[in-house]
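> Please find query_26.txt (compact mmCIF, C-alpha atoms) on the next line:
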# COMPACT_ATOMS: atom_id res chain seq x y z
CA GLU A 8 0.00 0.00 0.00
CA VAL A 9 1.19 3.50 -0.57
CA GLY A 10 0.54 6.40 1.66
CA LEU A 11 1.76 9.67 3.04
CA ARG A 12 2.83 9.49 6.63
CA GLY A 13 3.69 12.35 8.95
CA VAL A 14 6.57 12.53 11.38
CA VAL A 15 6.57 9.94 14.15
CA ILE A 16 4.68 11.38 17.11
CA ASP A 17 7.62 10.92 19.51
CA GLU A 18 9.88 12.77 17.10
CA ILE A 19 7.35 15.58 16.76
CA SER A 20 7.01 16.07 20.51
CA GLY A 21 10.78 16.13 20.88
CA ALA A 22 11.34 18.55 18.01
CA GLN A 23 8.99 21.40 18.76
CA GLY A 24 10.36 22.67 22.09
CA TRP A 25 12.70 25.68 22.19
CA LYS A 26 14.32 27.74 24.92
CA GLN A 27 15.74 31.24 24.88
CA HIS A 28 19.52 31.90 24.93
CA GLY A 29 19.99 35.66 24.85
CA GLN A 30 18.90 36.74 21.38
CA HIS A 31 18.84 33.19 20.03
CA THR A 32 16.84 30.01 20.43
CA ALA A 33 18.09 26.46 20.80
CA PRO A 34 16.43 23.03 20.90
CA LEU A 35 15.27 21.94 24.32
CA GLU A 36 16.80 18.97 26.01
CA HIS A 37 14.35 16.21 26.85
CA GLY A 38 12.22 17.10 29.86
CA ALA A 39 13.12 20.81 29.86
CA ASP A 40 10.51 23.55 30.19
CA VAL A 41 9.16 24.84 26.89
CA LEU A 42 9.31 28.52 25.95
CA LEU A 43 8.39 29.37 22.37
CA PRO A 44 10.16 32.51 21.12
CA HIS A 45 8.17 35.32 19.51
CA SER A 46 9.97 34.68 16.21
CA VAL A 47 8.35 31.25 15.75
CA GLU A 48 6.16 31.23 12.65
CA ARG A 49 2.70 29.68 12.96
CA LEU A 50 0.30 28.99 10.11
CA LEU A 51 -3.16 27.51 9.65
CA VAL A 52 -2.68 24.85 6.97
CA ALA A 53 -4.21 21.66 5.65
CA ALA A 54 -1.75 18.87 6.47
CA GLU A 55 -1.99 15.69 4.40
CA ASP A 56 -0.34 12.52 5.69
CA VAL A 57 0.16 9.75 3.10
CA HIS A 58 1.37 6.23 3.84
CA ARG A 59 2.11 3.27 1.58
CA VAL A 60 0.51 0.08 2.86
CA ASP A 61 2.61 -3.06 3.37
CA PHE A 62 5.81 -1.22 2.49
CA SER A 63 7.96 -3.17 4.97
CA ARG A 64 6.69 -6.53 3.74
CA MET A 65 7.22 -5.61 0.09
CA MET A 66 10.72 -4.32 0.80
CA GLY A 67 11.56 -7.60 2.52
CA GLU A 68 10.34 -9.60 -0.47
CA ASP A 69 11.80 -7.46 -3.25
CA GLU A 70 13.77 -4.41 -2.15
CA ALA A 71 14.94 -3.26 -5.58
CA GLY A 72 11.57 -3.81 -7.25
CA THR A 73 9.65 -2.03 -4.47
CA LEU A 74 11.92 1.02 -4.60
CA ALA A 75 11.67 1.15 -8.40
CA GLN A 76 7.88 1.00 -8.19
CA LEU A 77 7.81 3.77 -5.59
CA LYS A 78 10.04 5.99 -7.76
CA ARG A 79 7.78 5.43 -10.78
CA PHE A 80 4.69 6.34 -8.76
CA ARG A 81 6.33 9.47 -7.40
CA GLY A 82 7.57 10.66 -10.78
CA HIS A 83 4.45 9.88 -12.81
CA VAL A 84 1.65 10.30 -10.25
CA PHE A 85 2.40 11.66 -6.79
CA ASP A 86 4.61 14.65 -7.58
CA PRO A 87 2.51 15.89 -10.57
CA LEU A 88 -0.81 15.55 -8.74
CA THR A 89 0.54 17.28 -5.64
CA ALA A 90 1.81 20.20 -7.75
CA LYS A 91 -1.45 20.34 -9.72
CA HIS A 92 -3.41 20.86 -6.49
CA GLY A 93 -1.02 23.45 -5.05
CA GLY A 94 0.60 21.20 -2.47
CA ARG A 95 4.11 21.51 -1.03
CA ILE A 96 5.91 18.28 -0.18
CA VAL A 97 7.27 18.97 3.30
CA LYS A 98 9.13 15.69 3.70
CA LEU A 99 9.40 12.22 2.26
CA MET A 100 9.80 9.14 4.40
CA GLY A 101 10.51 5.69 3.03
CA ASP A 102 6.87 4.62 3.13
CA GLY A 103 5.11 7.97 2.88
CA ALA A 104 5.10 11.74 2.85
CA LEU A 105 3.81 14.86 4.56
CA VAL A 106 2.25 17.48 2.29
CA GLU A 107 1.10 21.03 3.08
CA PHE A 108 -1.78 22.81 1.34
CA ALA A 109 -2.99 26.39 1.69
CA SER A 110 -6.50 25.21 0.71
CA VAL A 111 -8.25 22.37 2.54
CA VAL A 112 -10.47 21.86 -0.52
CA GLN A 113 -7.40 21.28 -2.67
CA ALA A 114 -5.94 18.96 -0.04
CA VAL A 115 -9.00 16.71 -0.12
CA ALA A 116 -9.25 16.90 -3.92
CA CYS A 117 -5.59 15.83 -4.14
CA ALA A 118 -6.17 12.95 -1.72
CA VAL A 119 -9.06 11.67 -3.82
CA ALA A 120 -7.04 12.02 -7.03
CA LEU A 121 -4.09 10.17 -5.49
CA GLN A 122 -6.28 7.27 -4.40
CA GLY A 123 -7.87 7.02 -7.83
CA ALA A 124 -4.48 7.11 -9.54
CA ALA A 125 -2.98 4.57 -7.11
CA LYS A 126 -5.74 2.08 -7.84
CA ALA A 127 -5.12 2.43 -11.58
CA HIS A 128 -1.32 2.36 -11.32
CA GLU A 129 0.39 -0.65 -12.92
CA PRO A 130 -2.77 -2.82 -13.00
CA ASP A 131 -0.94 -5.87 -14.38
CA LEU A 132 1.00 -6.40 -11.16
CA PRO A 133 -0.10 -9.21 -8.78
CA GLU A 134 -2.58 -8.01 -6.17
CA ASP A 135 -0.08 -8.35 -3.34
CA ARG A 136 2.38 -6.11 -5.23
CA ARG A 137 -0.09 -3.36 -6.10
CA LEU A 138 0.44 0.08 -4.63
CA ARG A 139 -2.12 1.07 -1.99
CA LEU A 140 -2.33 4.20 0.13
CA ARG A 141 -3.83 5.41 3.39
CA ILE A 142 -4.32 9.18 3.65
CA GLY A 143 -5.24 11.49 6.54
CA VAL A 144 -6.14 15.17 6.10
CA ASN A 145 -6.34 17.68 8.95
CA LEU A 146 -6.84 21.45 9.10
CA GLY A 147 -4.95 22.98 11.99
CA ASP A 148 -2.35 25.32 13.42
CA VAL A 149 1.29 24.32 12.84
CA ILE A 150 4.75 25.63 13.67
CA VAL A 151 7.01 26.28 10.67
CA GLU A 152 10.73 25.83 11.27
CA ALA A 153 13.34 25.56 8.51
CA GLY A 154 10.69 24.50 6.02
CA ASP A 155 9.38 21.69 8.25
CA LEU A 156 6.02 21.52 10.07
CA TYR A 157 5.46 20.63 13.73
CA GLY A 158 2.61 20.53 16.21
CA ASP A 159 -0.84 19.03 16.73
CA GLY A 160 -1.92 19.95 13.21
CA VAL A 161 0.65 17.45 11.89
CA ASN A 162 0.20 14.89 14.66
CA ILE A 163 -3.54 14.60 14.07
CA ALA A 164 -3.04 14.13 10.33
CA ALA A 165 -0.77 11.16 11.12
CA ARG A 166 -3.34 9.68 13.52
CA LEU A 167 -6.07 10.07 10.90
CA GLU A 168 -3.93 8.27 8.32
CA ALA A 169 -3.54 5.34 10.72
CA LEU A 170 -7.33 5.15 11.08
CA ALA A 171 -7.97 5.07 7.32
CA GLU A 172 -8.62 1.83 5.50
CA PRO A 173 -6.17 0.85 2.74
CA GLY A 174 -7.26 2.86 -0.28
CA GLY A 175 -9.22 5.24 1.95
CA ILE A 176 -9.06 8.80 3.23
CA CYS A 177 -9.77 9.84 6.81
CA ILE A 178 -10.53 13.48 7.67
CA THR A 179 -11.77 15.47 10.64
CA ALA A 180 -15.33 16.76 10.83
CA LYS A 181 -13.83 20.25 10.57
CA VAL A 182 -12.29 19.39 7.20
CA ARG A 183 -15.58 17.89 6.01
CA ASP A 184 -17.46 21.03 7.01
CA GLU A 185 -14.94 23.27 5.25
CA VAL A 186 -15.18 21.22 2.05
CA GLY A 187 -18.98 21.21 2.21
CA SER A 188 -20.50 20.85 -1.26
CA ARG A 189 -17.46 22.24 -3.08
CA LEU A 190 -16.42 18.73 -4.13
CA ASP A 191 -18.55 15.87 -5.37
CA ILE A 192 -17.60 13.57 -2.51
CA GLY A 193 -19.66 11.55 -0.07
CA PHE A 194 -18.52 11.06 3.54
CA GLU A 195 -19.33 8.42 6.09
CA ASP A 196 -19.41 9.79 9.65
CA LEU A 197 -17.40 7.74 12.12
CA GLY A 198 -18.31 9.85 15.14
CA PRO A 199 -16.02 10.84 18.03
CA VAL A 200 -12.75 8.99 18.39
CA VAL A 201 -10.91 9.09 21.70
CA ASP A 202 -7.19 9.45 21.05
CA SER A 203 -4.56 9.29 23.76
CA GLY A 204 -2.66 12.17 22.16
CA THR A 205 -5.56 14.64 22.26
CA VAL A 206 -7.40 16.25 25.15
CA ALA A 207 -10.88 15.92 23.60
CA PRO A 208 -12.31 13.26 21.27
CA MET A 209 -11.76 13.92 17.57
CA MET A 210 -14.82 14.01 15.35
CA ILE A 211 -13.81 12.26 12.15
CA ALA A 212 -15.38 11.24 8.86
CA ALA A 213 -14.12 8.77 6.26
CA GLN A 214 -14.26 9.49 2.54
CA ALA A 215 -16.73 7.15 0.91
CA THR A 216 -17.55 8.06 -2.69
CA SER A 217 -16.27 10.51 -5.28
CA ASN A 218 -16.69 11.44 -8.92
CA LEU A 219 -13.44 13.40 -9.08
CA PRO A 220 -11.14 12.45 -11.93
CA PRO A 221 -7.49 11.64 -11.11
Take the structure in the file and give it back as structure tokens.

Amino acid sequence: EVGLRGVVIDEISGAQGWKQHGQHTAPLEHGADVLLPHSVERLLVAAEDVHRVDFSRMMGEDEAGTLAQLKRFRGHVFDPLTAKHGGRIVKLMGDGALVEFASVVQAVACAVALQGAAKAHEPDLPEDRRLRLRIGVNLGDVIVEAGDLYGDGVNIAARLEALAEPGGICITAKVRDEVGSRLDIGFEDLGPVVDSGTVAPMMIAAQATSNLPP
């Protein structure tokens, strides 16, 4: 399966703390008190977390073939569709990616297009070698540092991706409400989900049907 996956939660929590040293800031040591400097840039963005399903298994069975397939998908499908929808690839991990969008509508449209393209990609391959994705989309406040994104806005996108079915898209109720009727997509409400990393339950909805072309 193919998907876009955000930074590991433990890495996120360890990377977003800063303390003041005179006129400069420096990363916090583990367990230190957090003080965010006034120069930290914060943005409201749509964060899209994509993850490729069964990547570890496929790498174990055929490392060279799996990497070649991933490169083909990136070059012919993922990168062009992301650019077409105005997305910025924040980072690439072996089995996924984190993408930033200024428009939540474009983020969801891109997610739908990616899933459609993934299902049609290299159809002659055996079923267990086909590329499948899980995608999570969240709209939230993030910290921007050296071109990277940190914070709950990213963390929640990663948790949503983990909740999505292979070939599916999981979004928050907030994203669904923002998209509204702007896209021809049907959503299935999953209700509140209690997550250990959030204070309150997340209201989420899973993408069900779409007439969007890839």
> Near range 48-55 of chain A, within 9 Å and counting all atoms listed in the file, which residues show up once chain neighbours fewer than 3 positions away are dropped, as JSON, numbers by chain?
{"A": [11, 12, 13, 45, 104, 105, 106, 107, 108, 109, 110, 111, 112, 113, 114, 115, 118, 142, 143, 144, 145, 146, 147, 148, 149, 150, 151, 152, 156, 160, 161, 163, 164, 165, 168, 182]}
> Please report the interatomic distance between CA of Arg95 in chain A and CA of Phe194 in chain A in Å with one decimal.
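Spanning CA of Arg95 in chain A to CA of Phe194 in chain A is a straight-line distance of 25.3 Å.
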> Which one of A:Gly103, A:Gly154, A:Pro87, A:Gly187 sits closest to Arg59 in chain A if you count all atoms listed in the file?
A:Gly103
> To one decimal place in Å, what is the distance between CA of Arg166 in chain A and CA of Glu134 in chain A?
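For CA of Arg166 in chain A relative to CA of Glu134 in chain A, the distance reads 26.5 Å.
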> Applying 10 Å and all atoms listed in the file, which residues near Arg137 in chain A remain after dropping the ones on its own chain fewer than 5 positions away? List them as a list of chain:residue names.
A:Glu8, A:Val9, A:Val60, A:Asp61, A:Met65, A:Thr73, A:Gln76, A:Ala125, A:Lys126, A:Ala127, A:His128, A:Glu129, A:Pro130, A:Asp131, A:Leu132
> So how far away is CA of Ala171 in chain A from CA of Ile211 in chain A, in Å?
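One can read the CA of Ile211 in chain A to CA of Ala171 in chain A distance as 10.4 Å.
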> How big is the axis-aligned box around all listed atoms of range 188-197 of chain A once 8 Å goes on each side, and where's its centre, in Å to one decimal, as lines of an AutoDock Vina configuration file?

center_x = -18.5
center_y = 15.0
center_z = 3.4
size_x = 20.1
size_y = 30.5
size_z = 33.5
> For Ala116 in chain A, which residue among A:Leu170, A:Ala212, A:Cys177, A:Leu88 is the nearest when counting only C-alpha atoms?
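Distance minimum relative to Ala116 in chain A lands on A:Leu88.
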